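Engineer: Just one file: structure.tsv, with TSV, C-alpha atoms and all ligand atoms.
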```tsv
chain	number	residue	atom	x	y	z
P	222	MET	CA	6.65	15.44	-24.38
P	223	THR	CA	7.98	13.34	-21.48
P	224	ILE	CA	7.28	9.80	-20.41
P	225	PHE	CA	5.43	11.20	-17.38
P	226	ASP	CA	2.93	13.38	-19.26
P	227	LYS	CA	0.28	10.70	-19.09
P	228	PHE	CA	0.35	10.96	-15.28
P	229	GLN	CA	-0.93	14.55	-15.34
P	230	PRO	CA	-4.59	13.63	-14.73
P	231	LEU	CA	-3.45	11.41	-11.86
P	232	ALA	CA	-1.33	14.22	-10.40
P	233	ALA	CA	-4.29	16.59	-10.57
P	234	ALA	CA	-6.59	14.05	-8.89
P	235	ARG	CA	-4.00	13.45	-6.19
P	236	LYS	CA	-3.61	17.19	-5.56
P	237	GLU	CA	-7.36	17.62	-5.23
P	238	LEU	CA	-7.52	14.71	-2.81
P	239	GLU	CA	-4.62	16.08	-0.78
P	240	GLN	CA	-6.40	19.40	-0.46
P	241	SER	CA	-9.66	17.89	0.73
P	242	CYS	CA	-8.17	15.18	2.94
P	243	ASP	CA	-4.58	15.92	3.94
P	244	ASN	CA	-4.04	12.66	5.83
P	245	PHE	CA	-5.04	10.42	2.94
P	246	PHE	CA	-1.53	9.88	1.56
P	247	ASN	CA	0.24	10.14	4.89
P	248	ILE	CA	-0.74	7.12	6.88
P	249	VAL	CA	2.45	5.66	8.28
P	250	MET	CA	2.36	2.92	10.91
P	251	GLU	CA	5.26	4.27	12.96
P	252	GLU	CA	5.11	1.65	15.65
P	253	ILE	CA	3.17	-1.60	15.57
P	254	VAL	CA	2.04	-2.24	19.11
P	255	SER	CA	0.01	-5.39	18.47
P	256	GLY	CA	-2.22	-6.95	15.81
P	257	THR	CA	-4.87	-4.34	16.59
P	258	GLU	CA	-2.93	-1.25	17.71
P	259	ALA	CA	-0.30	1.03	16.21
P	260	ILE	CA	1.11	4.50	16.55
P	261	VAL	CA	0.05	6.34	13.41
P	262	ASN	CA	1.47	9.79	12.81
P	263	GLY	CA	2.28	10.11	16.52
P	264	ARG	CA	-1.17	9.01	17.67
P	265	PRO	CA	-2.28	5.69	19.24
P	266	MET	CA	-4.69	4.03	16.87
P	267	ILE	CA	-6.99	1.00	16.94
P	268	LEU	CA	-6.47	-0.82	13.66
P	269	ALA	CA	-9.88	-1.56	12.19
P	270	GLY	CA	-8.81	-1.75	8.57
P	271	SER	CA	-6.42	-4.68	8.42
P	272	ASN	CA	-7.39	-8.14	7.20
P	273	ASN	CA	-5.88	-9.77	10.26
P	274	TYR	CA	-9.07	-11.78	10.79
P	275	LEU	CA	-7.76	-14.26	13.32
P	276	GLY	CA	-5.24	-11.83	14.84
P	277	LEU	CA	-2.34	-14.20	14.14
P	278	SER	CA	0.23	-11.64	13.00
P	279	PHE	CA	1.28	-11.26	16.64
P	280	ASP	CA	0.66	-14.82	17.78
P	281	ALA	CA	3.58	-15.93	19.97
P	282	GLU	CA	3.85	-19.39	18.36
P	283	CYS	CA	3.86	-17.92	14.84
P	284	ILE	CA	6.55	-15.41	15.83
P	285	ASP	CA	8.68	-18.17	17.41
P	286	ALA	CA	8.34	-20.30	14.27
P	287	ALA	CA	9.40	-17.38	12.07
P	288	CYS	CA	12.39	-16.50	14.29
P	289	ASP	CA	13.54	-20.10	14.42
P	290	ALA	CA	13.33	-20.40	10.62
P	291	VAL	CA	15.20	-17.18	9.94
P	292	ARG	CA	18.02	-18.29	12.26
P	293	LYS	CA	18.27	-21.75	10.74
P	294	GLN	CA	17.52	-21.02	7.07
P	295	GLY	CA	18.37	-17.37	6.53
P	296	THR	CA	16.40	-14.30	5.52
P	297	GLY	CA	15.46	-15.30	1.98
P	298	THR	CA	15.58	-18.15	-0.50
P	299	THR	CA	17.17	-15.95	-3.19
P	300	GLY	CA	15.64	-18.07	-5.92
P	301	SER	CA	12.60	-19.29	-7.79
P	302	ARG	CA	10.68	-22.39	-6.79
P	303	MET	CA	11.92	-23.91	-10.08
P	304	ALA	CA	15.57	-23.34	-9.24
P	305	ASN	CA	17.06	-23.18	-5.75
P	306	GLY	CA	13.96	-21.73	-4.01
P	307	THR	CA	12.07	-24.88	-3.01
P	308	PHE	CA	12.97	-25.54	0.64
P	309	SER	CA	11.49	-28.37	2.68
P	310	GLY	CA	9.09	-25.85	4.31
P	311	HIS	CA	7.48	-24.98	0.96
P	312	VAL	CA	6.87	-28.65	0.22
P	313	ALA	CA	5.56	-29.34	3.74
P	314	LEU	CA	3.17	-26.39	3.54
P	315	GLU	CA	1.83	-27.66	0.21
P	316	HIS	CA	1.16	-31.07	1.78
P	317	GLU	CA	-0.53	-29.44	4.77
P	318	LEU	CA	-2.74	-27.27	2.56
P	319	ALA	CA	-3.76	-30.25	0.41
P	320	GLU	CA	-4.58	-32.26	3.53
P	321	PHE	CA	-6.54	-29.40	5.12
P	322	PHE	CA	-8.65	-28.91	1.98
P	323	HIS	CA	-8.98	-32.69	1.37
P	324	CYS	CA	-7.51	-32.16	-2.10
P	325	GLN	CA	-4.94	-34.06	-4.11
P	326	GLY	CA	-2.60	-31.15	-4.68
P	327	ALA	CA	-1.53	-27.66	-3.65
P	328	ILE	CA	0.86	-25.05	-4.99
P	329	VAL	CA	2.31	-22.24	-2.88
P	330	PHE	CA	2.96	-18.89	-4.57
P	331	SER	CA	4.78	-15.77	-3.40
P	332	THR	CA	1.61	-13.68	-2.86
P	333	GLY	CA	-2.14	-14.01	-3.30
P	334	TYR	CA	-1.89	-11.61	-6.23
P	335	VAL	CA	0.68	-13.89	-7.87
P	336	ALA	CA	-1.51	-16.95	-7.18
P	337	ASN	CA	-4.34	-15.43	-9.23
P	338	LEU	CA	-1.99	-14.27	-11.99
P	339	ALA	CA	-0.38	-17.69	-12.11
P	340	MET	CA	-3.54	-19.78	-12.10
P	341	LEU	CA	-5.62	-17.70	-14.49
P	342	SER	CA	-2.85	-17.02	-16.97
P	343	THR	CA	-1.99	-20.73	-17.10
P	344	LEU	CA	-5.34	-22.51	-16.92
P	345	VAL	CA	-6.88	-20.77	-19.90
P	346	GLY	CA	-5.57	-19.10	-23.01
P	347	SER	CA	-6.37	-17.97	-26.49
P	348	GLY	CA	-9.60	-19.54	-27.82
P	349	GLU	CA	-10.88	-20.30	-24.31
P	350	ILE	CA	-13.25	-18.27	-22.14
P	351	ILE	CA	-13.30	-16.76	-18.64
P	352	LEU	CA	-16.63	-15.81	-17.10
P	353	MET	CA	-15.97	-13.70	-14.02
P	354	ASP	CA	-18.08	-11.91	-11.43
P	355	ALA	CA	-17.89	-8.18	-12.19
P	356	ASP	CA	-16.80	-7.34	-8.62
P	357	CYS	CA	-13.73	-9.57	-8.59
P	358	HIS	CA	-10.43	-8.33	-7.20
P	359	ALA	CA	-7.83	-6.57	-9.38
P	360	SER	CA	-5.55	-9.62	-9.26
P	361	ILE	CA	-8.28	-11.63	-11.01
P	362	TYR	CA	-8.74	-8.93	-13.64
P	363	ASP	CA	-4.97	-8.86	-14.22
P	364	GLY	CA	-4.75	-12.66	-14.41
P	365	CYS	CA	-7.57	-12.67	-16.97
P	366	ARG	CA	-5.77	-10.11	-19.09
P	367	MET	CA	-2.54	-12.06	-18.90
P	368	SER	CA	-4.27	-15.29	-19.95
P	369	GLY	CA	-5.15	-14.11	-23.47
P	370	ALA	CA	-8.55	-15.80	-23.05
P	371	GLU	CA	-11.80	-14.12	-24.03
P	372	VAL	CA	-13.16	-12.50	-20.85
P	373	HIS	CA	-16.84	-11.94	-20.05
P	374	ARG	CA	-18.20	-10.46	-16.84
P	375	PHE	CA	-21.50	-11.43	-15.29
P	376	ARG	CA	-23.47	-9.24	-12.88
P	377	HIS	CA	-22.20	-9.40	-9.30
P	378	ASN	CA	-23.70	-12.33	-7.38
P	379	ASP	CA	-26.28	-12.97	-10.10
P	380	PRO	CA	-26.36	-16.72	-10.92
P	381	GLN	CA	-29.19	-16.19	-13.44
P	382	ASP	CA	-26.98	-13.83	-15.43
P	383	LEU	CA	-24.14	-16.37	-15.17
P	384	GLU	CA	-26.38	-19.18	-16.40
P	385	LYS	CA	-27.68	-17.11	-19.30
P	386	ARG	CA	-24.12	-16.41	-20.44
P	387	LEU	CA	-23.03	-20.04	-19.93
P	388	ARG	CA	-25.95	-21.18	-22.08
P	389	ARG	CA	-24.98	-18.80	-24.86
P	390	LEU	CA	-21.28	-19.65	-24.67
P	391	SER	CA	-21.92	-23.41	-24.61
P	392	LYS	CA	-22.50	-23.23	-28.39
P	393	ARG	CA	-18.85	-22.28	-28.81
P	394	ASN	CA	-17.60	-25.71	-27.76
P	395	THR	CA	-14.56	-24.50	-25.83
P	396	ASN	CA	-13.37	-24.50	-22.22
P	397	VAL	CA	-15.05	-22.00	-19.90
P	398	LEU	CA	-13.59	-21.06	-16.52
P	399	VAL	CA	-15.98	-19.34	-14.08
P	400	VAL	CA	-14.23	-17.15	-11.48
P	401	VAL	CA	-15.78	-15.81	-8.28
P	402	GLU	CA	-14.72	-14.88	-4.77
P	403	GLY	CA	-16.00	-16.48	-1.57
P	404	LEU	CA	-16.46	-13.40	0.57
P	405	TYR	CA	-16.15	-10.19	-1.45
P	406	SER	CA	-13.47	-7.87	-0.16
P	407	MET	CA	-15.27	-4.54	-0.32
P	408	LEU	CA	-18.77	-5.22	1.05
P	409	GLY	CA	-18.19	-8.56	2.80
P	410	ASP	CA	-21.03	-10.29	0.95
P	411	ARG	CA	-20.92	-14.02	0.14
P	412	ALA	CA	-21.17	-15.48	-3.37
P	413	PRO	CA	-24.31	-17.62	-3.97
P	414	LEU	CA	-21.99	-20.58	-4.41
P	415	ALA	CA	-24.51	-23.44	-4.51
P	416	GLU	CA	-26.28	-21.84	-7.49
P	417	ILE	CA	-22.99	-20.99	-9.18
P	418	VAL	CA	-21.80	-24.60	-8.82
P	419	ALA	CA	-25.14	-25.88	-10.20
P	420	ALA	CA	-24.80	-23.59	-13.24
P	421	LYS	CA	-21.19	-24.50	-13.99
P	422	GLU	CA	-21.98	-28.22	-13.70
P	423	LYS	CA	-24.98	-27.94	-16.00
P	424	TYR	CA	-22.79	-26.49	-18.75
P	425	GLY	CA	-19.59	-28.44	-18.07
P	426	ALA	CA	-17.55	-25.37	-17.11
P	427	TYR	CA	-14.72	-25.18	-14.56
P	428	LEU	CA	-14.92	-23.09	-11.38
P	429	LEU	CA	-12.20	-21.19	-9.52
P	430	VAL	CA	-13.11	-19.62	-6.16
P	431	ASP	CA	-10.83	-17.04	-4.55
P	432	GLU	CA	-11.29	-17.61	-0.80
P	433	ALA	CA	-8.83	-14.83	0.16
P	434	HIS	CA	-11.25	-13.30	2.68
P	435	SER	CA	-13.06	-16.48	3.69
P	436	LEU	CA	-10.20	-18.80	4.65
P	437	GLY	CA	-10.34	-19.14	8.45
P	438	VAL	CA	-13.51	-17.05	8.47
P	439	LEU	CA	-16.23	-19.27	6.96
P	440	GLY	CA	-16.98	-22.98	7.16
P	441	ALA	CA	-17.17	-25.36	10.12
P	442	THR	CA	-13.40	-25.89	10.02
P	443	GLY	CA	-12.42	-22.60	8.35
P	444	ARG	CA	-11.95	-23.85	4.78
P	445	GLY	CA	-14.10	-21.02	3.45
P	446	LEU	CA	-17.40	-20.47	1.68
P	447	ALA	CA	-17.29	-23.71	-0.33
P	448	GLU	CA	-17.17	-25.63	2.96
P	449	GLU	CA	-19.94	-23.52	4.49
P	450	ALA	CA	-22.15	-23.99	1.40
P	451	ASP	CA	-21.26	-27.71	1.25
P	452	VAL	CA	-20.18	-27.57	-2.41
P	453	GLU	CA	-16.45	-28.28	-2.15
P	454	LYS	CA	-16.63	-31.14	-4.65
P	455	GLY	CA	-18.07	-28.74	-7.24
P	456	VAL	CA	-15.15	-26.29	-6.98
P	457	ASP	CA	-12.25	-27.13	-9.28
P	458	PHE	CA	-9.71	-24.67	-7.91
P	459	VAL	CA	-9.54	-22.79	-4.61
P	460	VAL	CA	-7.15	-19.84	-4.52
P	461	GLY	CA	-6.22	-18.13	-1.28
P	462	THR	CA	-3.74	-15.90	0.46
P	463	PHE	CA	-1.60	-16.04	3.58
P	464	SER	CA	-1.83	-12.26	4.02
P	465	LYS	CA	-5.18	-12.18	5.79
P	466	SER	CA	-6.32	-14.81	8.32
P	467	LEU	CA	-2.85	-16.39	8.38
P	468	GLY	CA	-1.15	-13.09	9.21
P	469	ALA	CA	1.80	-13.43	6.81
P	470	ILE	CA	2.27	-13.07	3.04
P	471	GLY	CA	1.93	-15.58	0.21
P	472	GLY	CA	-0.71	-17.36	-1.82
P	473	PHE	CA	-1.84	-20.81	-2.83
P	474	CYS	CA	-4.08	-22.90	-5.04
P	475	VAL	CA	-5.52	-26.29	-4.09
P	476	SER	CA	-7.31	-28.66	-6.44
P	477	ASP	CA	-8.38	-32.25	-6.82
P	478	HIS	CA	-7.36	-32.26	-10.49
P	479	PRO	CA	-4.15	-34.34	-10.63
P	480	GLU	CA	-2.90	-32.08	-13.45
P	481	LEU	CA	-2.57	-29.14	-11.02
P	482	ASN	CA	1.10	-30.01	-10.60
P	483	LEU	CA	1.72	-29.27	-14.29
P	484	VAL	CA	0.75	-25.64	-13.73
P	485	ARG	CA	4.14	-25.18	-12.07
P	486	TYR	CA	5.97	-25.77	-15.33
P	487	ALA	CA	3.73	-23.56	-17.46
P	488	SER	CA	3.23	-20.63	-15.13
P	489	ARG	CA	5.46	-17.58	-15.54
P	490	PRO	CA	4.40	-16.02	-12.19
P	491	TYR	CA	5.50	-19.26	-10.49
P	492	VAL	CA	8.75	-19.70	-12.39
P	493	PHE	CA	10.01	-16.15	-12.68
P	494	THR	CA	9.85	-14.84	-9.14
P	495	ALA	CA	11.63	-15.69	-5.91
P	496	SER	CA	9.90	-18.03	-3.50
P	497	SER	CA	8.65	-16.94	-0.07
P	498	SER	CA	11.26	-16.57	2.65
P	499	PRO	CA	11.64	-19.38	5.19
P	500	SER	CA	10.31	-17.25	8.06
P	501	VAL	CA	7.10	-16.50	6.15
P	502	ILE	CA	6.59	-20.17	5.34
P	503	ALA	CA	7.25	-21.18	8.95
P	504	SER	CA	4.78	-18.68	10.45
P	505	THR	CA	2.19	-19.59	7.82
P	506	ARG	CA	2.48	-23.29	8.64
P	507	LYS	CA	2.02	-22.54	12.33
P	508	ALA	CA	-0.93	-20.22	11.59
P	509	LEU	CA	-2.60	-22.88	9.42
P	510	ASN	CA	-2.25	-25.28	12.30
P	511	ILE	CA	-3.73	-22.76	14.78
P	512	LEU	CA	-6.60	-22.04	12.38
P	513	GLN	CA	-7.52	-25.73	12.64
P	514	GLU	CA	-6.85	-26.19	16.34
P	515	ARG	CA	-8.39	-23.03	17.80
P	516	SER	CA	-11.92	-22.68	16.47
P	517	GLU	CA	-12.65	-20.23	19.32
P	518	LEU	CA	-10.76	-17.60	17.27
P	519	ARG	CA	-13.39	-17.87	14.52
P	520	GLN	CA	-16.14	-17.60	17.13
P	521	ARG	CA	-14.56	-14.47	18.64
P	522	LEU	CA	-14.14	-12.98	15.16
P	523	TRP	CA	-17.84	-13.47	14.43
P	524	ASP	CA	-18.90	-12.10	17.84
P	525	ASN	CA	-16.91	-8.95	17.07
P	526	ALA	CA	-18.20	-8.77	13.49
P	527	ASN	CA	-21.85	-9.12	14.52
P	528	LYS	CA	-21.42	-6.49	17.23
P	529	LEU	CA	-19.84	-3.89	14.92
P	530	TYR	CA	-22.25	-4.59	12.04
P	531	GLY	CA	-25.29	-4.41	14.34
P	532	ASN	CA	-24.11	-1.23	16.04
P	533	LEU	CA	-23.37	0.64	12.82
P	534	MET	CA	-26.72	-0.43	11.44
P	535	ASP	CA	-28.47	0.83	14.61
P	536	LEU	CA	-26.61	4.12	14.22
P	537	GLY	CA	-28.26	4.43	10.82
P	538	PHE	CA	-25.21	3.88	8.63
P	539	SER	CA	-25.74	2.22	5.27
P	540	VAL	CA	-23.72	-0.98	5.78
P	541	GLY	CA	-23.10	-3.95	3.45
P	542	PRO	CA	-25.85	-6.52	2.71
P	543	GLU	CA	-24.97	-9.04	5.44
P	544	PRO	CA	-22.98	-9.26	8.68
P	545	SER	CA	-19.37	-10.23	8.07
P	546	PRO	CA	-15.91	-9.37	9.40
P	547	ILE	CA	-15.79	-6.78	6.60
P	548	VAL	CA	-18.14	-4.00	7.69
P	549	ALA	CA	-18.40	-1.33	5.00
P	550	VAL	CA	-20.24	1.97	5.36
P	551	ASN	CA	-21.53	3.28	2.01
P	552	LEU	CA	-21.37	7.03	1.44
P	553	GLU	CA	-22.44	8.79	-1.73
P	554	ASP	CA	-20.64	12.03	-0.99
P	555	LYS	CA	-16.84	12.22	-1.13
P	556	THR	CA	-16.58	15.26	1.15
P	557	GLU	CA	-18.68	13.49	3.75
P	558	ALA	CA	-16.51	10.36	3.44
P	559	PHE	CA	-13.32	12.40	3.99
P	560	ALA	CA	-14.83	14.13	7.01
P	561	LEU	CA	-15.93	10.86	8.61
P	562	TRP	CA	-12.66	9.09	7.91
P	563	SER	CA	-10.62	12.00	9.35
P	564	GLY	CA	-12.99	12.19	12.32
P	565	LEU	CA	-12.42	8.51	13.05
P	566	LEU	CA	-8.63	9.02	12.84
P	567	GLU	CA	-8.87	11.89	15.31
P	568	ARG	CA	-10.70	9.53	17.65
P	569	GLY	CA	-7.97	6.91	17.34
P	570	VAL	CA	-9.65	4.56	14.86
P	571	TYR	CA	-8.15	3.62	11.51
P	572	VAL	CA	-10.47	2.19	8.86
P	573	ASN	CA	-9.89	1.94	5.09
P	574	LEU	CA	-11.20	4.81	3.01
P	575	VAL	CA	-11.94	3.33	-0.42
P	576	LEU	CA	-12.81	5.64	-3.29
P	577	PRO	CA	-14.25	5.02	-6.74
P	578	PRO	CA	-13.30	3.44	-9.13
P	579	ALA	CA	-12.04	0.89	-6.59
P	580	THR	CA	-15.51	0.47	-5.07
P	581	PRO	CA	-18.23	-1.74	-6.57
P	582	SER	CA	-21.09	0.77	-6.37
P	583	GLY	CA	-19.21	3.89	-7.46
P	584	ASN	CA	-19.80	5.23	-3.91
P	585	CYS	CA	-17.15	5.85	-1.25
P	586	LEU	CA	-16.64	3.20	1.41
P	587	LEU	CA	-15.43	3.37	4.97
P	588	ARG	CA	-14.32	-0.24	5.15
P	589	SER	CA	-13.74	-1.62	8.63
P	590	SER	CA	-12.46	-5.10	9.16
P	591	VAL	CA	-12.72	-6.92	12.41
P	592	SER	CA	-10.25	-9.25	14.07
P	593	ALA	CA	-10.56	-12.01	16.64
P	594	ALA	CA	-7.83	-10.08	18.45
P	595	HIS	CA	-10.01	-6.99	18.98
P	596	THR	CA	-11.06	-6.80	22.61
P	597	PRO	CA	-14.67	-5.98	23.54
P	598	ASP	CA	-13.39	-2.56	24.71
P	599	GLN	CA	-11.77	-1.90	21.33
P	600	ILE	CA	-14.97	-2.83	19.48
P	601	GLU	CA	-16.86	-0.52	21.83
P	602	HIS	CA	-14.33	2.26	21.14
P	603	ILE	CA	-14.79	1.81	17.36
P	604	CYS	CA	-18.60	1.94	17.73
P	605	GLN	CA	-18.38	5.08	19.89
P	606	ALA	CA	-16.09	6.76	17.36
P	607	PHE	CA	-18.63	6.06	14.60
P	608	GLU	CA	-21.39	7.43	16.81
P	609	ALA	CA	-19.36	10.59	17.45
P	610	VAL	CA	-18.72	11.25	13.75
P	611	ARG	CA	-22.28	10.44	12.73
P	612	GLU	CA	-23.25	14.10	13.02
P	613	LEU	CA	-20.78	14.86	10.19
P	614	THR	CA	-23.01	13.02	7.76
P	615	ASN	CA	-26.55	13.48	6.60
P	616	ALA	CA	-26.65	9.87	5.46
P	617	ALA	CA	-26.84	8.21	8.89
P	618	GLN	CA	-30.08	8.34	10.81
P	619	PRO	CA	-30.64	6.28	13.95
P	620	ALA	CA	-32.77	3.23	13.26
P	621	ALA	CA	-36.35	3.68	14.52
P	701	LIG	C1	-10.00	-11.33	-3.25
P	701	LIG	C2	-8.52	-11.10	-3.21
P	701	LIG	N1	-7.71	-11.90	-3.90
P	701	LIG	C3	-6.38	-11.75	-3.89
P	701	LIG	C4	-5.78	-10.75	-3.16
P	701	LIG	C5	-4.31	-10.58	-3.20
P	701	LIG	O1	-3.73	-11.09	-2.04
P	701	LIG	P1	-2.29	-10.64	-1.55
P	701	LIG	O2	-2.44	-9.33	-0.89
P	701	LIG	O3	-1.91	-11.74	-0.61
P	701	LIG	O4	-1.40	-10.55	-2.72
P	701	LIG	C6	-6.59	-9.89	-2.40
P	701	LIG	C7	-5.96	-8.83	-1.60
P	701	LIG	O5	-6.54	-7.99	-1.02
P	701	LIG	C8	-7.99	-10.06	-2.41
P	701	LIG	O6	-8.80	-9.26	-1.73
```
Give the structure from this file in structure tokens form.
Ligand SMILES: Cc1ncc(COP(=O)(O)O)c(C=O)c1O

Structural biologist:
Amino acid sequence: MTIFDKFQPLAAARKELEQSCDNFFNIVMEEIVSGTEAIVNGRPMILAGSNNYLGLSFDAECIDAACDAVRKQGTGTTGSRMANGTFSGHVALEHELAEFFHCQGAIVFSTGYVANLAMLSTLVGSGEIILMDADCHASIYDGCRMSGAEVHRFRHNDPQDLEKRLRRLSKRNTNVLVVVEGLYSMLGDRAPLAEIVAAKEKYGAYLLVDEAHSLGVLGATGRGLAEEADVEKGVDFVVGTFSKSLGAIGGFCVSDHPELNLVRYASRPYVFTASSSPSVIASTRKALNILQERSELRQRLWDNANKLYGNLMDLGFSVGPEPSPIVAVNLEDKTEAFALWSGLLERGVYVNLVLPPATPSGNCLLRSSVSAAHTPDQIEHICQAFEAVRELTNAAQPAA
């Protein structure tokens, strides 16, 4: 017996996948041309599967800020926030995030994944309870496991199910933390946040909202779904990431609870990892500023999102429940999904192919995501590629 024996089922699944879809494991971005174009395996490709919602990964001001920081402060901090890894940029970004969200405090983490691990594992523990939406991201699942709290899932976007469970759990007389996302990453659907806030307030629970996909995307000023739904005061903790609309890497939590600052001292994922490099912090600060100053980016993002969503719907594809920058095509059949995904690649369009168990419905998803940086011609190209591959599926029928 070897340590690798347990990987045999995985190896077999990988082999089967390789045989039916040879490109699946071989996507290499050989040259990044812009925020929306790359050379992939020798072929020019429109990138329609990144989370670069505002297109800021190639913004000239963000690049200048990053270059300036790397020259002045070096390539890395080589230390934890608790030791030598808190530079003035980290502190400034925390102030800027707190100000943007109108909150008392903010903590910056090394990734969005780490932000969820850190917050969940620290806020609740043994004897306390987490009530999470069943479709939450893996980082939330992992944070829950790390917390040692009792974890219950409620049905996706079902506030009645949440309330029923809150009512039952209220007899236990312990802390309950409800965890949801703003915009869900796979289907691009919004959480019914007003009802969730009403339920958590009725039972005296706490609420953490992961706005990873909604920062810069939703809300009059881009603060996310809580802003759009006008329930910011009812949200105890907002978690987010710098790796999507801010075009960098990193994560954060903001809160109006003055005790947020204490999380730093109790959180292993904060203490025992190196802090973000100065260039990342500098580009993120610039991107956060642009997010606030240039609302036209959000408008362009939504114009593109509505166009792609509407077009794919007209082509007869089974898309997610509402228009959003995440436009996911649902396919029951794996072979069909491989054929469509490969067909799109051949036509110079990269979208994410997401397979069960990573999908909420157990179906396959062709997950496109739209950017403010996509030109009208690129959106048109993506739509035409979907139209061309439509014949490879029985699922899509033109709308009447
Ligand atoms: C909802 C959600 N939360 C957290 C994360 C993790 O963010 P990061 O990639 O910045 O670690 C993701 C990443 O896709 C996500 O979709």

Engineer: May I have the residues within 7 Å of ligand LIG 701 (chain P), computed using all atoms listed in the file, as a short mmCIF file (atom, residue, chain, number, x, y, z; two decimals) with C-alpha atoms, in the frame of the given file?

Structural biologist:
```cif
data_model
loop_
_atom_site.label_atom_id
_atom_site.label_comp_id
_atom_site.auth_asym_id
_atom_site.auth_seq_id
_atom_site.Cartn_x
_atom_site.Cartn_y
_atom_site.Cartn_z
CA THR P 332 1.61 -13.68 -2.86
CA GLY P 333 -2.14 -14.01 -3.30
CA TYR P 334 -1.89 -11.61 -6.23
CA VAL P 335 0.68 -13.89 -7.87
CA ASN P 337 -4.34 -15.43 -9.23
CA CYS P 357 -13.73 -9.57 -8.59
CA HIS P 358 -10.43 -8.33 -7.20
CA SER P 360 -5.55 -9.62 -9.26
CA GLU P 402 -14.72 -14.88 -4.77
CA TYR P 405 -16.15 -10.19 -1.45
CA SER P 406 -13.47 -7.87 -0.16
CA ASP P 431 -10.83 -17.04 -4.55
CA GLU P 432 -11.29 -17.61 -0.80
CA ALA P 433 -8.83 -14.83 0.16
CA HIS P 434 -11.25 -13.30 2.68
CA GLY P 461 -6.22 -18.13 -1.28
CA THR P 462 -3.74 -15.90 0.46
CA PHE P 463 -1.60 -16.04 3.58
CA SER P 464 -1.83 -12.26 4.02
CA ILE P 470 2.27 -13.07 3.04
CA GLY P 471 1.93 -15.58 0.21
CA GLY P 472 -0.71 -17.36 -1.82
#
```

Engineer: So how far away is atom CA of Tyr274 of chain P from atom CA of Val438 of chain P, in Å?

Structural biologist: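 Separating atom CA of Val438 of chain P from atom CA of Tyr274 of chain P is a distance of 7.3 Å.
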
Engineer: What lies within 6 Å of segment 416-425 of chain P using all atoms listed in the file, ignoring chain neighbours under 4 positions off, as a ChimeraX atom specification?

Structural biologist: /P:380,384,455

Engineer: With all atoms listed in the file as the counted atoms, please give the residues lying no more than 7 Å from Ala290 of chain P, apart from itself and same-chain residues fewer than 3 positions off, as a PyMOL selection string.

Structural biologist: chain P and resi 286-287+293-294+499-500+503

Engineer: Kindly provide the residues of segment 505-586 of chain P that approach segment 227-237 of chain P to within 12 Å, each paired with its closest atom pair and their distance in Å to one decimal, based on all atoms listed in the file, listed by chain and increasing number, as a tab-separated table.

Structural biologist:
```
residue	atom	partner	partner_atom	distance
P:Lys555	CA	P:Glu237	CA	11.7
P:Thr556	CA	P:Glu237	CA	11.5
P:Leu576	CA	P:Ala234	CA	11.9
```

Engineer: Using all atoms listed in the file, find the one residue out of P:Gln520, P:Asn247, P:Asn584, P:Asn510 that sits nearest to Ser539 of chain P.

Structural biologist: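 Once distances to Ser539 of chain P are computed over all atoms listed in the file, the minimum belongs to P:Asn584.
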
Engineer: Which residue out of P:Ser342, P:Ser545, P:Ser301, P:Thr494 has the minimum interatomic distance to Gly403 of chain P when only C-alpha atoms are used?

Structural biologist: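 For Gly403 of chain P, the nearest of the given residues is P:Ser545.
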
Engineer: Using all atoms listed in the file, can you tell me which of P:Asn244, P:Phe493, P:Cys365, P:Glu449 comes closest to Phe330 of chain P?

Structural biologist: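 Once distances to Phe330 of chain P are computed over all atoms listed in the file, the minimum belongs to P:Phe493.
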
Engineer: May I have the protein, DNA and RNA residues with an atom at most 12 Å from (-24.4, -18.1, -6.5), counting only C-alpha atoms in the file's coordinates, returned as a VMD selection string?

Structural biologist: chain P and resid 354 375 to 384 399 to 404 410 to 421 428 430 446 to 447 450 452

Engineer: For a quick check of understanding, using all atoms listed in the file, which of P:Arg519, P:Lys392, P:Arg588, P:Arg374 has the smallest distance to Leu439 of chain P?

Structural biologist: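 Of P:Arg519, P:Lys392, P:Arg588, P:Arg374, the one nearest Leu439 of chain P is P:Arg519, counting all atoms listed in the file.
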
Engineer: How many Å separate atom CA of Val548 of chain P from atom CA of Glu601 of chain P?

Structural biologist: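 Value for the atom CA of Val548 of chain P-atom CA of Glu601 of chain P distance: 14.6 Å.
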
Engineer: Pick the closest to Asp477 of chain P from P:Gly564, P:Pro546, P:Gly326, P:Gly443: which is it, counting only C-alpha atoms?

Structural biologist: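 Of P:Gly564, P:Pro546, P:Gly326, P:Gly443, the one nearest Asp477 of chain P, counting only C-alpha atoms, is P:Gly326.
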
Engineer: Suppose you want the space between atom CA of Val540 of chain P and atom CA of Glu567 of chain P; what is it in Å?

Structural biologist: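 Computing the Euclidean distance for atom CA of Val540 of chain P and atom CA of Glu567 of chain P yields 21.8 Å.
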